[in-house]
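Have a look at upload_37.tsv; it's TSV, C-alpha atoms:
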chain	number	residue	atom	x	y	z
A	1	MET	CA	-209.38	-47.00	103.62
A	2	GLY	CA	-207.53	-44.80	106.13
A	3	ILE	CA	-208.79	-41.50	107.44
A	4	VAL	CA	-206.65	-39.50	104.99
A	5	GLY	CA	-208.04	-41.40	102.01
A	6	LYS	CA	-211.60	-40.83	103.19
A	7	ILE	CA	-211.10	-37.09	103.54
A	8	VAL	CA	-209.20	-36.53	100.32
A	9	GLY	CA	-211.75	-38.78	98.60
A	10	GLY	CA	-214.51	-36.33	99.40
A	11	THR	CA	-215.76	-36.58	102.98
A	12	ILE	CA	-215.98	-33.04	104.33
A	13	GLY	CA	-217.29	-31.26	107.37
A	14	PHE	CA	-214.81	-31.79	110.19
A	15	ALA	CA	-214.52	-29.55	113.22
A	16	LEU	CA	-211.41	-30.03	115.33
A	17	GLY	CA	-211.09	-26.42	116.40
A	18	GLY	CA	-208.00	-24.86	117.97
A	19	PRO	CA	-204.52	-24.97	116.41
A	20	LEU	CA	-205.06	-28.52	115.11
A	21	GLY	CA	-208.26	-27.41	113.39
A	22	ALA	CA	-206.39	-24.53	111.75
A	23	ILE	CA	-203.79	-26.94	110.37
A	24	ALA	CA	-206.43	-29.42	109.18
A	25	GLY	CA	-208.47	-26.68	107.53
A	26	ALA	CA	-205.48	-25.32	105.65
A	27	VAL	CA	-204.21	-28.72	104.49
A	28	PHE	CA	-207.44	-30.51	103.68
A	29	GLY	CA	-209.09	-27.43	102.23
A	30	HIS	CA	-206.36	-27.44	99.61
A	31	ALA	CA	-206.82	-31.18	99.12
A	32	PHE	CA	-210.53	-30.66	98.38
A	33	ASP	CA	-209.72	-27.93	95.86
A	34	SER	CA	-207.26	-30.25	94.13
A	35	SER	CA	-209.80	-33.08	94.10
A	36	GLU	CA	-212.38	-30.91	92.41
A	37	GLU	CA	-209.88	-29.78	89.79
A	38	SER	CA	-208.96	-33.39	89.03
A	39	GLY	CA	-212.58	-34.34	88.47
A	40	LEU	CA	-213.24	-36.16	91.76
A	41	GLN	CA	-216.68	-35.46	93.13
A	42	GLY	CA	-216.90	-34.43	96.76
A	43	ARG	CA	-219.84	-35.13	98.99
A	44	SER	CA	-221.04	-33.09	101.93
A	45	GLY	CA	-221.36	-34.46	105.41
A	46	ASN	CA	-219.57	-34.71	108.72
A	47	LEU	CA	-216.92	-37.09	109.96
A	48	SER	CA	-218.13	-39.52	112.60
A	49	GLY	CA	-216.84	-39.23	116.15
A	50	ILE	CA	-214.25	-41.97	115.65
A	51	GLU	CA	-213.13	-40.40	112.35
A	52	GLN	CA	-212.65	-37.02	114.01
A	53	THR	CA	-210.58	-38.75	116.70
A	54	GLN	CA	-208.47	-40.45	114.02
A	55	LEU	CA	-208.03	-37.14	112.22
A	56	ALA	CA	-206.99	-35.43	115.46
A	57	PHE	CA	-204.33	-38.09	116.08
A	58	PHE	CA	-202.99	-37.90	112.52
A	59	VAL	CA	-202.81	-34.09	112.46
A	60	SER	CA	-201.36	-33.96	115.99
A	61	THR	CA	-198.57	-36.36	115.04
A	62	PHE	CA	-197.16	-34.42	112.12
A	63	SER	CA	-197.81	-31.03	113.74
A	64	MET	CA	-195.84	-31.91	116.87
A	65	LEU	CA	-193.10	-33.56	114.81
A	66	ALA	CA	-192.78	-30.31	112.86
A	67	LYS	CA	-192.32	-28.26	116.01
A	68	LEU	CA	-189.77	-30.79	117.30
A	69	ALA	CA	-187.81	-30.46	114.07
A	70	GLN	CA	-187.98	-26.68	114.48
A	71	ALA	CA	-186.94	-26.75	118.14
A	72	ASP	CA	-183.40	-25.46	117.60
A	73	GLY	CA	-184.51	-22.70	115.25
A	74	GLN	CA	-183.80	-24.47	111.98
A	75	VAL	CA	-185.08	-27.51	110.14
A	76	ARG	CA	-182.28	-29.61	108.66
A	77	ASN	CA	-182.65	-31.71	105.52
A	78	GLU	CA	-181.81	-34.76	107.63
A	79	GLU	CA	-184.84	-34.09	109.82
A	80	ILE	CA	-187.15	-33.83	106.81
A	81	ASP	CA	-185.67	-37.08	105.47
A	82	THR	CA	-186.43	-38.70	108.85
A	83	ILE	CA	-190.08	-37.58	108.68
A	84	GLU	CA	-190.41	-38.93	105.14
A	85	ALA	CA	-188.81	-42.23	106.17
A	86	PHE	CA	-191.22	-42.48	109.11
A	87	ALA	CA	-194.19	-41.90	106.79
A	88	VAL	CA	-193.01	-44.48	104.25
A	89	ARG	CA	-191.21	-47.15	106.27
A	90	ASP	CA	-193.09	-47.09	109.57
A	91	LEU	CA	-196.57	-45.96	108.52
A	92	LYS	CA	-196.41	-47.36	104.97
A	93	LEU	CA	-198.34	-44.38	103.62
A	94	SER	CA	-199.21	-44.27	99.94
A	95	PRO	CA	-197.66	-41.43	97.88
A	96	ALA	CA	-200.89	-39.40	98.20
A	97	GLU	CA	-201.13	-40.01	101.96
A	98	ARG	CA	-197.46	-39.18	102.41
A	99	GLU	CA	-197.96	-35.87	100.62
A	100	VAL	CA	-200.84	-35.02	102.98
A	101	ALA	CA	-198.64	-35.87	105.98
A	102	LEU	CA	-195.86	-33.65	104.66
A	103	ASN	CA	-198.35	-30.86	103.97
A	104	ILE	CA	-199.44	-31.03	107.62
A	105	PHE	CA	-195.77	-30.94	108.61
A	106	ARG	CA	-195.11	-27.87	106.44
A	107	ALA	CA	-198.27	-26.08	107.61
A	108	ALA	CA	-197.27	-26.64	111.24
A	109	LEU	CA	-193.79	-25.27	110.54
A	110	SER	CA	-195.41	-22.05	109.33
A	111	SER	CA	-198.01	-21.94	112.10
A	112	PRO	CA	-197.64	-19.42	114.94
A	113	ALA	CA	-198.86	-22.14	117.31
A	114	ARG	CA	-196.21	-23.62	119.61
A	115	PHE	CA	-195.38	-27.25	120.27
A	116	GLU	CA	-197.12	-27.03	123.62
A	117	ASP	CA	-200.29	-25.66	121.98
A	118	PHE	CA	-200.57	-28.78	119.82
A	119	ALA	CA	-199.58	-31.05	122.72
A	120	LEU	CA	-202.17	-29.51	125.04
A	121	GLN	CA	-205.00	-29.85	122.52
A	122	PHE	CA	-203.97	-33.45	121.90
A	123	TYR	CA	-203.96	-34.17	125.63
A	124	GLN	CA	-207.35	-32.54	126.15
A	125	ARG	CA	-208.81	-34.86	123.54
A	126	PHE	CA	-207.05	-38.06	124.66
A	127	GLN	CA	-206.57	-37.52	128.40
A	128	ASN	CA	-208.81	-40.46	129.27
A	129	ASN	CA	-207.01	-42.80	126.85
A	130	HIS	CA	-203.54	-43.55	128.19
A	131	GLN	CA	-202.76	-46.01	125.36
A	132	MET	CA	-203.16	-43.28	122.75
A	133	ILE	CA	-201.09	-40.85	124.81
A	134	GLU	CA	-198.30	-43.40	125.17
A	135	MET	CA	-198.47	-44.20	121.45
A	136	MET	CA	-197.98	-40.52	120.69
A	137	MET	CA	-195.06	-40.23	123.11
A	138	ASP	CA	-193.52	-43.33	121.56
A	139	ILE	CA	-193.81	-41.79	118.08
A	140	LEU	CA	-192.28	-38.47	119.17
A	141	VAL	CA	-189.33	-40.25	120.78
A	142	ARG	CA	-188.93	-42.74	117.90
A	143	VAL	CA	-188.65	-40.00	115.28
A	144	SER	CA	-186.48	-37.74	117.46
A	145	VAL	CA	-183.96	-40.56	117.99
A	146	ALA	CA	-184.07	-41.75	114.37
A	147	ASP	CA	-181.73	-39.09	112.97
A	148	GLY	CA	-179.12	-40.02	115.55
A	149	VAL	CA	-179.21	-36.74	117.45
A	150	VAL	CA	-181.61	-35.56	120.15
A	151	ASN	CA	-180.44	-32.03	120.86
A	152	ARG	CA	-181.12	-30.15	124.05
A	153	ALA	CA	-183.98	-28.15	122.54
A	154	GLU	CA	-185.73	-31.32	121.34
A	155	GLU	CA	-185.21	-32.99	124.70
A	156	ALA	CA	-186.73	-29.98	126.43
A	157	LEU	CA	-189.84	-30.20	124.25
A	158	LEU	CA	-190.15	-33.94	124.80
A	159	LEU	CA	-190.01	-33.41	128.56
A	160	HIS	CA	-192.56	-30.62	128.19
A	161	ALA	CA	-194.87	-33.11	126.45
A	162	VAL	CA	-194.30	-35.56	129.30
A	163	ARG	CA	-195.54	-32.95	131.76
A	164	ILE	CA	-198.51	-31.93	129.60
A	165	PHE	CA	-199.44	-35.60	129.13
A	166	GLN	CA	-199.01	-36.18	132.90
A	167	MET	CA	-196.93	-39.23	132.11
A	168	GLY	CA	-194.00	-39.05	134.52
A	169	GLU	CA	-190.32	-38.87	133.62
A	170	GLN	CA	-189.65	-42.48	134.61
A	171	ARG	CA	-192.09	-43.75	131.99
A	172	TYR	CA	-190.56	-41.35	129.46
A	173	ARG	CA	-187.11	-42.82	130.14
A	174	GLN	CA	-188.53	-46.31	129.71
A	175	ILE	CA	-189.99	-45.36	126.33
A	176	LYS	CA	-186.74	-43.72	125.28
A	177	SER	CA	-184.75	-46.82	126.25
A	178	ARG	CA	-186.62	-48.79	123.56
A	179	TYR	CA	-184.61	-46.91	120.96
A	180	THR	CA	-181.26	-46.82	122.76
A	181	ALA	CA	-179.41	-49.93	123.84
A	182	THR	CA	-179.54	-50.44	127.61
A	183	GLU	CA	-178.56	-53.30	129.88
A	184	ASN	CA	-182.13	-53.88	131.05
A	185	GLN	CA	-183.94	-53.04	127.83
A	186	ALA	CA	-186.49	-55.88	128.05
A	187	TYR	CA	-187.49	-54.76	131.54
A	188	GLU	CA	-187.71	-51.14	130.35
A	189	VAL	CA	-190.07	-52.10	127.51
A	190	LEU	CA	-192.35	-53.74	130.07
A	191	GLY	CA	-192.05	-50.82	132.46
A	192	CYS	CA	-190.50	-53.07	135.09
A	193	ARG	CA	-187.25	-53.35	137.05
A	194	PRO	CA	-184.94	-56.38	137.41
A	195	GLU	CA	-185.69	-56.44	141.14
A	196	ASP	CA	-189.46	-56.79	140.58
A	197	SER	CA	-191.04	-60.10	141.53
A	198	ASP	CA	-192.01	-62.72	138.97
A	199	GLU	CA	-195.67	-62.18	139.75
A	200	ALA	CA	-195.36	-58.40	139.31
A	201	ILE	CA	-193.76	-58.88	135.91
A	202	LYS	CA	-196.41	-61.38	134.80
A	203	LYS	CA	-199.15	-59.00	135.90
A	204	ARG	CA	-197.52	-56.09	134.08
A	205	TYR	CA	-197.20	-58.14	130.90
A	206	ARG	CA	-200.84	-59.21	131.00
A	207	THR	CA	-201.93	-55.59	131.46
A	208	LEU	CA	-199.78	-54.36	128.58
A	209	ALA	CA	-200.79	-57.20	126.24
A	210	GLN	CA	-204.45	-56.46	126.87
A	211	SER	CA	-204.13	-52.69	126.66
A	212	TYR	CA	-202.01	-52.54	123.53
A	213	HIS	CA	-203.61	-55.20	121.40
A	214	PRO	CA	-203.89	-53.45	117.99
A	215	ASP	CA	-207.58	-54.25	117.63
A	216	LYS	CA	-208.33	-52.68	121.00
A	217	ILE	CA	-206.53	-49.39	120.47
A	218	ALA	CA	-207.81	-49.14	116.89
A	219	GLY	CA	-211.29	-49.12	118.37
A	220	LYS	CA	-210.30	-46.13	120.52
A	221	GLY	CA	-209.43	-43.95	117.55
A	222	LEU	CA	-205.99	-44.94	116.32
A	223	PRO	CA	-205.90	-44.11	112.59
A	224	ASP	CA	-205.65	-47.06	110.23
A	225	GLU	CA	-202.39	-45.58	108.96
A	226	PHE	CA	-200.83	-46.26	112.38
A	227	ILE	CA	-202.02	-49.84	112.85
A	228	ASP	CA	-198.70	-51.33	111.73
A	229	LEU	CA	-197.00	-49.34	114.49
A	230	ALA	CA	-199.46	-50.78	116.99
A	231	HIS	CA	-198.66	-54.29	115.78
A	232	GLU	CA	-194.95	-53.53	116.16
A	233	LYS	CA	-195.46	-52.28	119.69
A	234	PHE	CA	-197.49	-55.38	120.57
A	235	ARG	CA	-194.75	-57.65	119.18
A	236	GLU	CA	-192.15	-55.66	121.11
A	237	ILE	CA	-194.02	-56.27	124.36
A	238	GLN	CA	-194.26	-59.98	123.63
A	239	LYS	CA	-190.57	-60.23	122.71
A	240	ALA	CA	-189.51	-58.39	125.87
A	241	TYR	CA	-191.61	-60.71	128.02
A	242	GLU	CA	-190.14	-63.79	126.33
A	243	THR	CA	-186.64	-62.44	127.02
A	244	VAL	CA	-187.41	-61.87	130.69
A	245	LYS	CA	-189.07	-65.27	130.97
A	246	GLN	CA	-185.99	-66.99	129.61
A	247	GLU	CA	-183.69	-65.05	131.91
A	248	ARG	CA	-185.78	-65.98	134.94
A	249	GLY	CA	-186.80	-69.46	133.87
A	250	LEU	CA	-190.48	-68.54	134.05
A	251	ARG	CA	-193.21	-70.72	132.62

Here is the file; what I need is its structure written in the form of C-alpha coordinates.
Amino acid sequence: MGIVGKIVGGTIGFALGGPLGAIAGAVFGHAFDSSEESGLQGRSGNLSGIEQTQLAFFVSTFSMLAKLAQADGQVRNEEIDTIEAFAVRDLKLSPAEREVALNIFRAALSSPARFEDFALQFYQRFQNNHQMIEMMMDILVRVSVADGVVNRAEEALLLHAVRIFQMGEQRYRQIKSRYTATENQAYEVLGCRPEDSDEAIKKRYRTLAQSYHPDKIAGKGLPDEFIDLAHEKFREIQKAYETVKQERGLR
(Lines of atoms letter the chains of each structure in order from A and count residues from 1; the text may use other names and numbers.)
(Lines give C-alpha, C1' and ligand atoms only; values in the text may rest on other atoms or scores of the structure.)
Protein backbone atom coordinates (compact mmCIF):
# COMPACT_ATOMS: atom_id res chain seq x y z
CA MET A 1 0.00 0.00 0.00
CA GLY A 2 1.30 3.46 -0.90
CA ILE A 3 1.73 6.31 1.54
CA VAL A 4 -1.59 7.91 0.53
CA GLY A 5 -3.50 4.70 1.16
CA LYS A 6 -1.90 4.31 4.58
CA ILE A 7 -2.83 7.82 5.65
CA VAL A 8 -6.37 7.83 4.30
CA GLY A 9 -6.78 4.35 5.78
CA GLY A 10 -6.27 5.72 9.27
CA THR A 11 -2.62 6.34 10.13
CA ILE A 12 -2.43 9.79 11.71
CA GLY A 13 0.10 11.93 13.49
CA PHE A 14 2.41 13.41 10.87
CA ALA A 15 4.48 16.53 11.38
CA LEU A 16 5.99 18.03 8.25
CA GLY A 17 5.80 21.63 9.39
CA GLY A 18 6.18 24.67 7.15
CA PRO A 19 4.10 25.28 4.00
CA LEU A 20 4.10 21.58 3.10
CA GLY A 21 2.77 20.73 6.56
CA ALA A 22 -0.01 23.29 6.12
CA ILE A 23 -1.04 21.68 2.83
CA ALA A 24 -0.87 18.15 4.27
CA GLY A 25 -2.87 19.15 7.34
CA ALA A 26 -5.62 20.73 5.26
CA VAL A 27 -5.88 17.87 2.77
CA PHE A 28 -5.45 14.85 5.01
CA GLY A 29 -7.45 16.36 7.85
CA HIS A 30 -10.41 16.41 5.49
CA ALA A 31 -9.61 12.86 4.39
CA PHE A 32 -9.76 11.67 8.02
CA ASP A 33 -13.10 13.39 8.54
CA SER A 34 -14.46 11.68 5.42
CA SER A 35 -13.12 8.31 6.57
CA GLU A 36 -14.88 8.61 9.90
CA GLU A 37 -18.14 9.55 8.22
CA SER A 38 -17.90 6.52 5.93
CA GLY A 39 -17.43 4.17 8.86
CA LEU A 40 -13.68 3.56 8.55
CA GLN A 41 -11.97 3.39 11.91
CA GLY A 42 -8.86 5.51 12.36
CA ARG A 43 -6.01 4.64 14.63
CA SER A 44 -3.69 7.01 16.42
CA GLY A 45 0.05 6.98 15.98
CA ASN A 46 2.87 8.63 14.08
CA LEU A 47 4.25 8.01 10.63
CA SER A 48 7.69 6.45 10.60
CA GLY A 49 10.67 8.45 9.37
CA ILE A 50 10.55 6.88 5.91
CA GLU A 51 6.78 7.43 5.70
CA GLN A 52 7.18 11.11 6.57
CA THR A 53 9.83 11.36 3.85
CA GLN A 54 7.47 9.72 1.36
CA LEU A 55 4.67 12.06 2.40
CA ALA A 56 6.96 15.08 2.00
CA PHE A 57 7.85 14.00 -1.55
CA PHE A 58 4.22 13.37 -2.51
CA VAL A 59 2.94 16.67 -1.11
CA SER A 60 5.91 18.59 -2.54
CA THR A 61 5.25 17.22 -6.02
CA PHE A 62 1.65 18.34 -6.37
CA SER A 63 2.23 21.59 -4.46
CA MET A 64 5.04 22.70 -6.77
CA LEU A 65 3.11 21.54 -9.84
CA ALA A 66 0.22 23.73 -8.70
CA LYS A 67 2.42 26.81 -8.43
CA LEU A 68 3.93 26.04 -11.85
CA ALA A 69 0.44 25.88 -13.34
CA GLN A 70 -0.32 29.20 -11.65
CA ALA A 71 2.91 30.85 -12.82
CA ASP A 72 1.33 33.05 -15.48
CA GLY A 73 -1.50 34.16 -13.22
CA GLN A 74 -4.14 31.72 -14.43
CA VAL A 75 -4.65 27.97 -14.42
CA ARG A 76 -5.91 26.67 -17.76
CA ASN A 77 -8.10 23.59 -18.14
CA GLU A 78 -5.35 22.06 -20.26
CA GLU A 79 -2.95 22.31 -17.33
CA ILE A 80 -5.38 20.60 -14.97
CA ASP A 81 -5.90 17.87 -17.59
CA THR A 82 -2.11 17.43 -17.73
CA ILE A 83 -1.91 16.99 -13.94
CA GLU A 84 -4.72 14.42 -14.02
CA ALA A 85 -3.05 12.56 -16.88
CA PHE A 86 0.23 12.53 -14.94
CA ALA A 87 -1.54 11.10 -11.89
CA VAL A 88 -3.33 8.39 -13.90
CA ARG A 89 -0.95 7.50 -16.73
CA ASP A 90 2.46 8.06 -15.15
CA LEU A 91 1.79 7.37 -11.47
CA LYS A 92 -1.11 4.94 -12.02
CA LEU A 93 -2.92 6.29 -8.97
CA SER A 94 -6.22 4.73 -7.95
CA PRO A 95 -9.32 6.99 -8.09
CA ALA A 96 -9.03 7.66 -4.34
CA GLU A 97 -5.30 8.41 -4.55
CA ARG A 98 -5.84 10.63 -7.57
CA GLU A 99 -8.44 12.63 -5.67
CA VAL A 100 -5.96 13.16 -2.82
CA ALA A 101 -3.32 14.33 -5.31
CA LEU A 102 -5.78 16.77 -6.87
CA ASN A 103 -6.82 18.00 -3.42
CA ILE A 104 -3.16 18.77 -2.68
CA PHE A 105 -2.96 20.56 -6.03
CA ARG A 106 -6.07 22.64 -5.26
CA ALA A 107 -4.93 23.43 -1.70
CA ALA A 108 -1.57 24.64 -3.03
CA LEU A 109 -3.32 26.84 -5.60
CA SER A 110 -5.14 28.56 -2.74
CA SER A 111 -2.10 28.71 -0.46
CA PRO A 112 -0.31 32.04 0.10
CA ALA A 113 2.97 30.12 -0.02
CA ARG A 114 5.07 30.66 -3.16
CA PHE A 115 6.66 28.09 -5.44
CA GLU A 116 10.05 28.85 -3.93
CA ASP A 117 8.69 28.26 -0.40
CA PHE A 118 7.71 24.71 -1.32
CA ALA A 119 10.93 24.18 -3.30
CA LEU A 120 13.10 25.39 -0.42
CA GLN A 121 11.40 23.15 2.14
CA PHE A 122 11.75 20.21 -0.25
CA TYR A 123 15.44 20.95 -0.74
CA GLN A 124 16.08 21.30 2.99
CA ARG A 125 14.65 17.82 3.50
CA PHE A 126 16.35 16.13 0.53
CA GLN A 127 19.57 18.13 0.12
CA ASN A 128 21.72 15.11 0.91
CA ASN A 129 19.86 12.89 -1.57
CA HIS A 130 20.68 14.00 -5.11
CA GLN A 131 18.66 11.15 -6.68
CA MET A 132 15.46 12.41 -5.07
CA ILE A 133 16.22 15.99 -6.06
CA GLU A 134 16.81 14.96 -9.66
CA MET A 135 13.64 12.86 -9.65
CA MET A 136 11.69 15.93 -8.55
CA MET A 137 13.29 18.12 -11.21
CA ASP A 138 12.53 15.47 -13.80
CA ILE A 139 8.86 15.42 -12.74
CA LEU A 140 8.54 19.22 -12.82
CA VAL A 141 10.03 19.37 -16.31
CA ARG A 142 8.05 16.34 -17.56
CA VAL A 143 4.71 17.83 -16.56
CA SER A 144 5.62 21.35 -17.72
CA VAL A 145 6.51 20.06 -21.19
CA ALA A 146 3.53 17.69 -21.41
CA ASP A 147 0.96 20.31 -22.37
CA GLY A 148 3.15 21.41 -25.26
CA VAL A 149 3.91 24.88 -23.92
CA VAL A 150 6.51 25.99 -21.38
CA ASN A 151 5.84 29.70 -21.03
CA ARG A 152 8.37 32.21 -19.80
CA ALA A 153 6.87 32.33 -16.30
CA GLU A 154 7.08 28.53 -15.95
CA GLU A 155 10.63 28.51 -17.28
CA ALA A 156 11.60 31.17 -14.74
CA LEU A 157 10.22 29.04 -11.88
CA LEU A 158 11.97 25.92 -13.17
CA LEU A 159 15.27 27.79 -13.27
CA HIS A 160 14.55 29.11 -9.78
CA ALA A 161 14.14 25.50 -8.62
CA VAL A 162 17.45 24.64 -10.29
CA ARG A 163 19.17 27.32 -8.20
CA ILE A 164 17.41 26.31 -4.97
CA PHE A 165 18.29 22.65 -5.61
CA GLN A 166 21.90 23.69 -6.43
CA MET A 167 21.71 21.55 -9.53
CA GLY A 168 23.34 23.65 -12.24
CA GLU A 169 21.75 24.83 -15.48
CA GLN A 170 23.66 22.35 -17.62
CA ARG A 171 22.09 19.41 -15.79
CA TYR A 172 18.70 21.11 -16.08
CA ARG A 173 19.12 21.37 -19.85
CA GLN A 174 20.09 17.71 -19.97
CA ILE A 175 16.92 16.75 -18.09
CA LYS A 176 14.81 18.97 -20.32
CA SER A 177 16.30 17.40 -23.45
CA ARG A 178 14.77 14.05 -22.43
CA TYR A 179 11.37 15.46 -23.36
CA THR A 180 12.39 17.42 -26.46
CA ALA A 181 14.01 15.82 -29.48
CA THR A 182 17.70 16.70 -29.75
CA GLU A 183 20.52 15.43 -31.93
CA ASN A 184 22.47 14.05 -28.98
CA GLN A 185 19.55 12.94 -26.82
CA ALA A 186 21.14 9.66 -25.68
CA TYR A 187 24.22 11.51 -24.48
CA GLU A 188 22.03 14.10 -22.74
CA VAL A 189 20.14 11.38 -20.84
CA LEU A 190 23.47 10.06 -19.56
CA GLY A 191 24.72 13.55 -18.76
CA CYS A 192 27.58 13.14 -21.22
CA ARG A 193 28.86 14.80 -24.40
CA PRO A 194 29.71 13.19 -27.76
CA GLU A 195 33.33 14.22 -27.28
CA ASP A 196 33.64 12.33 -23.97
CA SER A 197 35.87 9.26 -23.94
CA ASP A 198 34.49 5.72 -24.01
CA GLU A 199 35.75 5.13 -20.49
CA ALA A 200 34.10 8.32 -19.19
CA ILE A 201 30.77 7.27 -20.69
CA LYS A 202 31.03 3.75 -19.25
CA LYS A 203 31.84 5.18 -15.83
CA ARG A 204 28.92 7.61 -16.02
CA TYR A 205 26.54 4.82 -17.01
CA ARG A 206 27.66 2.60 -14.13
CA THR A 207 27.17 5.47 -11.67
CA LEU A 208 23.69 6.26 -12.98
CA ALA A 209 22.60 2.62 -13.12
CA GLN A 210 23.65 2.13 -9.51
CA SER A 211 22.22 5.41 -8.25
CA TYR A 212 18.85 5.18 -9.96
CA HIS A 213 18.00 1.54 -9.50
CA PRO A 214 14.34 1.69 -8.35
CA ASP A 215 14.96 -0.48 -5.31
CA LYS A 216 17.75 1.82 -4.14
CA ILE A 217 15.88 5.10 -4.40
CA ALA A 218 12.72 3.55 -2.96
CA GLY A 219 14.76 2.83 0.14
CA LYS A 220 15.63 6.53 0.37
CA GLY A 221 12.02 7.64 0.62
CA LEU A 222 10.53 7.61 -2.86
CA PRO A 223 6.79 7.00 -2.41
CA ASP A 224 5.46 3.71 -3.74
CA GLU A 225 3.20 5.71 -6.04
CA PHE A 226 6.29 6.95 -7.90
CA ILE A 227 8.08 3.61 -8.31
CA ASP A 228 6.86 3.15 -11.90
CA LEU A 229 8.49 6.48 -12.77
CA ALA A 230 11.73 5.25 -11.24
CA HIS A 231 11.54 2.09 -13.35
CA GLU A 232 10.95 4.24 -16.43
CA LYS A 233 13.95 6.41 -15.63
CA PHE A 234 16.12 3.33 -15.10
CA ARG A 235 15.01 1.89 -18.46
CA GLU A 236 15.69 5.24 -20.10
CA ILE A 237 19.26 5.22 -18.80
CA GLN A 238 19.79 1.68 -20.08
CA LYS A 239 18.30 2.49 -23.50
CA ALA A 240 20.46 5.60 -23.86
CA TYR A 241 23.59 3.63 -23.01
CA GLU A 242 22.71 0.91 -25.53
CA THR A 243 22.25 3.61 -28.19
CA VAL A 244 25.64 5.15 -27.44
CA LYS A 245 27.28 1.72 -27.33
CA GLN A 246 25.96 0.89 -30.79
CA GLU A 247 27.05 4.23 -32.19
CA ARG A 248 30.56 3.76 -30.82
CA GLY A 249 30.84 0.02 -31.27
CA LEU A 250 31.44 -0.48 -27.56
CA ARG A 251 31.30 -3.87 -25.89

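Here atom CA of A:Ala85 and atom CA of A:His213 stand 24.9 Å from one another.
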
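The environment of A:Ala101 within 9 Å, counting all atoms listed in the file and disregarding residues fewer than 5 places along the same chain, consists of Val4, Phe58, Val59, Phe62, Glu84, Ala87, Leu93, Ala96 and Arg106 of chain A.
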
Selected residues written out, C-alpha atoms, as a PDB file, in the coordinates of the input:
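Writing the result to part-v9.pdb gives the following:
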ATOM      1  CA  VAL A   4    -206.650 -39.500 104.990  1.00  0.00           C
ATOM      2  CA  PHE A  58    -202.990 -37.900 112.520  1.00  0.00           C
ATOM      3  CA  VAL A  59    -202.810 -34.090 112.460  1.00  0.00           C
ATOM      4  CA  PHE A  62    -197.160 -34.420 112.120  1.00  0.00           C
ATOM      5  CA  GLU A  84    -190.410 -38.930 105.140  1.00  0.00           C
ATOM      6  CA  ALA A  87    -194.190 -41.900 106.790  1.00  0.00           C
ATOM      7  CA  LEU A  93    -198.340 -44.380 103.620  1.00  0.00           C
ATOM      8  CA  ALA A  96    -200.890 -39.400  98.200  1.00  0.00           C
ATOM      9  CA  ARG A 106    -195.110 -27.870 106.440  1.00  0.00           C
TER      10      ARG A 106
END

Q: Select, counting all atoms listed in the file, all protein, DNA and RNA residues no farther than 12 Å from (-182.8, -40.8, 116.0) in file coordinates, and express the selection as a VMD selection string.
A: chain A and resid 69 78 to 79 81 to 83 85 to 86 139 to 151 154 to 155 176 178 to 180

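Between atom CA of A:Gln54 and atom CA of A:Asp224 the interatomic distance comes to 8.1 Å.
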
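Between A:Asp228 and the candidates A:Leu91, A:Ala119, A:Leu20, A:Ala26, the tightest atom-to-atom separation, counting all atoms listed in the file, involves A:Leu91.
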
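Residue nearest A:Leu68, chosen from A:Val189, A:Ile80, A:Ile23, A:Met135 and counting only C-alpha atoms: A:Ile80.
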
Could you tell me how far atom CA of A:Glu134 lies from atom CA of A:Glu199, in Å and to one decimal?
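Atom-to-atom, atom CA of A:Glu134 to atom CA of A:Glu199, that is 23.9 Å.
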
Note to self: Report as a ChimeraX atom specification all protein, DNA and RNA residues lying within 12 Å of A:Asp196, evaluated on all atoms listed in the file, omitting residues in the same chain fewer than 6 positions from it.
What the structure shows: /A:187-188,190,202-204,244,248

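Candidate residues A:Val27, A:Ala153, A:Ile175, A:Gly219 were compared for distance to A:Glu99, and the nearest is A:Val27, using all atoms listed in the file.
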
Exercise. Using all atoms listed in the file, which residue out of A:Ala108, A:Asp198, A:Ala56, A:Gln74 lies closest to A:Gly249?
Worked result: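 For A:Gly249, the nearest of the candidates is A:Asp198.
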
Counting all atoms listed in the file, closest pick from A:Asp72, A:Met136, A:Ala209, A:Glu225 relative to A:Ile237 is A:Ala209
